[in-house]
Structures are given as structure tokens and as C-alpha cells.
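*Asks:* Have a look at the structure that comes next, please.
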Amino acid sequence: MSAMSPTPISSTPESIDYLPPDDLAETESKEIFDWYSQWYLVMFVCDLDKRKPLAKKVLGLDIVVWWDRNETAWKVFHDSCPHRLAPLSEGRIDQSGRLQCSYHGWCFDGSGHCKVIPQASRDGPPVHTFKKACVGVYPTVVHHDILWFWPNTDPLLATNELPSIPELYDPSYFMQTTHNDVNCGFEVLIENIMDPAHLAYAHYGLVQTVKPKDKVDHEGGRPLDMRVEKLTKNGFIGDVEGEKVKFFAPGIFALYSGHGSASSPGTEIVS
């Protein structure tokens, strides 16, 4: 999550088109949202360690993130060595800058090709070049200083544009980032963050909420004014109690907290 506050406010949410390009007609579409044809945030680059691989799980996929110094790029592989299926995230970066499996020492370059099988005879066939010795490689890109990956190893399918969040490049904003591992699916967490009705109860005493005119209980739950102003398969633009919100499907939510109030302007981006 990153929280940003502009000083002063240089733009309003209405002045920027945040939703990714949508080629759907305004009429109802029968297209189904494809969860595996989207870019997914992996980590802020500042939280990654170039010295060792990192294990992550996204959409039920076990992936390993590592720095390929030969290509000077972050790589995301399927977290399984093709030899004995050992997690490559438990391996290491070898002296040549390749990802090395910690089980039998197989080494892989940034394209997923096996470069070394220590146990293979030098006089035998080049078994390290066989297709079955390769690791699945996912398309990756660094955008807004965030590493994103496409959950399909076919790079030709990675066609969707990434969410554009201009505040992350605006010098009048400052940014704070936090990284938390939560034991739930990200879609559950995004739904939770979009739901302000739970604040008076789940965060009672921790989060300041508006006092209702007619209290129905001690905590102060009340009807909320929530509207969706534009809805497409790529997300929506809405308003919650006078604060603008934008959702980039499937996993980015922007809340303009304090919008319209000079006392507490700001933007909060959650993924």
C-alpha cells in the first residue's frame, strides 16, 4: 500500500482519465473477465533483494523473483526446478549470475534455459539444452517502481496496458509504502478495502468515523452514500461519501481521501 499527500494539490481526480483503455461498447458486453490475462503487482522494487531469490504466490501460482545481473532485469520464474521439482526460491544466485537450484545445482539463465547440469557427462549428449530442462518464465515489467508479472508464460499474450497512476510521478506528492503479507486471497482484501461500512465495527476505536445523527448502536453504523459513476470490465469510477474512488481490475484501488477538503487532502493507492 502506498499513501501520498500532495502539497499543494496539483490536480483533481476528475482531470485525469485513470481507467485503462476499454474497447468495449457502452452497451452490455458478454465478455468474461479473464483473471489470467492481466498484469499483477508482485512487489515494490525497493523491497526486493538482488542477492537472493524470493518466493511469492499469486493466483495460486508459486513464483520466484530474482535479479538477473547479466540482463540487468528482474525475472519471475515458475518456482519449480524441472529436475526434481525443488523450489528454486530456496536456491541461490551463482557466481555467474544465474539462478541455481539448491538440490542438484542445475543453473538457469534469465530466459529459463538450463546452462549447467553438474552431474551430466561432458562427453555425453548436451542434456542441459533439452526443452524439458527449461523453467517456465513469466513476462515482467517495472512500472511506477513496482515489479509486475503476467501469469502466463506465453509473452505474446501479455497485451493489456498497465494501470497508470500519475500521482506516483507527481513531484508535488510524497509517497510512503508498506508491504504486508495477509493470509487471504487478494480479491477478498480488495473487497474489504472497498467496503467502508465495516470500519465502525472491525476497526472500532482505531479509525475515526462520522457520527450518525440517529445512532442505532454504540459503534455508530449508518447508511452510506456510495455511487458508481462509470463501470467497465476494466474497473470503475465511483464516489463514497464525497470521496472519489477508482478501481483497476483486478487488484488496484485508489481512494482520494479528504477530496475537496484543504485540511486533509491525499490519495491512497492499495494493491
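Residues in the C-alpha cells are named by chain (A, B, ... in the order shown) and by number from 1 within that chain; ligands are numbered from 1 in the order shown.
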From a DSSP calculation on the backbone, collect every residue of range 124-234 of chain A in strand (DSSP E) and output the set as a PyMOL selection string.

*Replies:* chain A and resi 137-138+140-143+146-149+173-177+226-232

*Asks:* Report as JSON, numbers by chain all protein, DNA and RNA residues lying within 8 Å of Leu224 in chain A, evaluated on only C-alpha atoms, omitting residues in the same chain fewer than 4 positions from it.

*Replies:* {"A": [197, 240, 241]}

*Asks:* Need to verify the contact set: Trp148 in chain A, 12 Å, only C-alpha atoms, exclusion of same-chain residues closer than 6 positions in sequence. Can you return it as a PyMOL selection string?

*Replies:* chain A and resi 38-45+58+65+74-76+138-142+158+161-163+251+271

*Asks:* Using only C-alpha atoms, which of the listed residues (A:Trp66, A:Trp106, A:Phe247, A:Phe130) sits closest to Arg84 in chain A?

*Replies:*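 Checking each candidate against Arg84 in chain A, we get A:Trp106 as the closest.
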
*Asks:* Got a sec: who's within 12 Å of Val182 in chain A, counting only C-alpha atoms, leaving out chain neighbours fewer than 6 positions off, as number ranges by chain?

*Replies:* A: 57, 188-190, 271

*Asks:* Leaving out Val245 in chain A and any residue of its chain fewer than 6 positions from it, which residues lie within 6 Å of it when counting only C-alpha atoms, given as a list in words?

*Replies:*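 The residues satisfying every condition are Ile237, Gly238, Asp239, Ala254 and Leu255 of chain A.
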
*Asks:* Restricting the output to C-alpha atoms, write the selected residues as a compact mmCIF listing (two decimals), in the first residue's frame.

*Replies:*
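Output (result-v2.txt):
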# COMPACT_ATOMS: atom_id res chain seq x y z
CA ILE A 237 -15.00 5.19 -11.01
CA GLY A 238 -17.17 5.99 -8.01
CA ASP A 239 -17.92 8.19 -5.06
CA ALA A 254 -7.33 4.29 -5.40
CA LEU A 255 -9.07 6.33 -2.70

*Asks:* Taking only C-alpha atoms into account, which of A:Pro171, A:Phe33, A:Asn152, A:His203 comes nearest Gly235 in chain A?

*Replies:*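 Using only C-alpha atoms, the shortest distance to Gly235 in chain A belongs to A:Phe33.
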
*Asks:* If we count only C-alpha atoms and set the cut-off at 8 Å, which residues sit around range 212-221 of chain A, ignoring sequence neighbours fewer than 2 positions away in its own chain? Please answer as a PDB file with C-alpha atoms, in the first residue's frame.

*Replies:*
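As a result, selection03.pdb now contains:
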ATOM      1  CA  ALA A 197     -19.344   0.022   6.200  1.00  0.00           C
ATOM      2  CA  ALA A 200     -17.202   1.308  12.690  1.00  0.00           C
ATOM      3  CA  TYR A 201     -17.155  -2.328  13.801  1.00  0.00           C
ATOM      4  CA  TYR A 204     -13.812   0.313  16.388  1.00  0.00           C
ATOM      5  CA  VAL A 210     -18.568  10.137  11.033  1.00  0.00           C
ATOM      6  CA  PRO A 223     -26.338   4.175   5.814  1.00  0.00           C
TER       7      PRO A 223
END
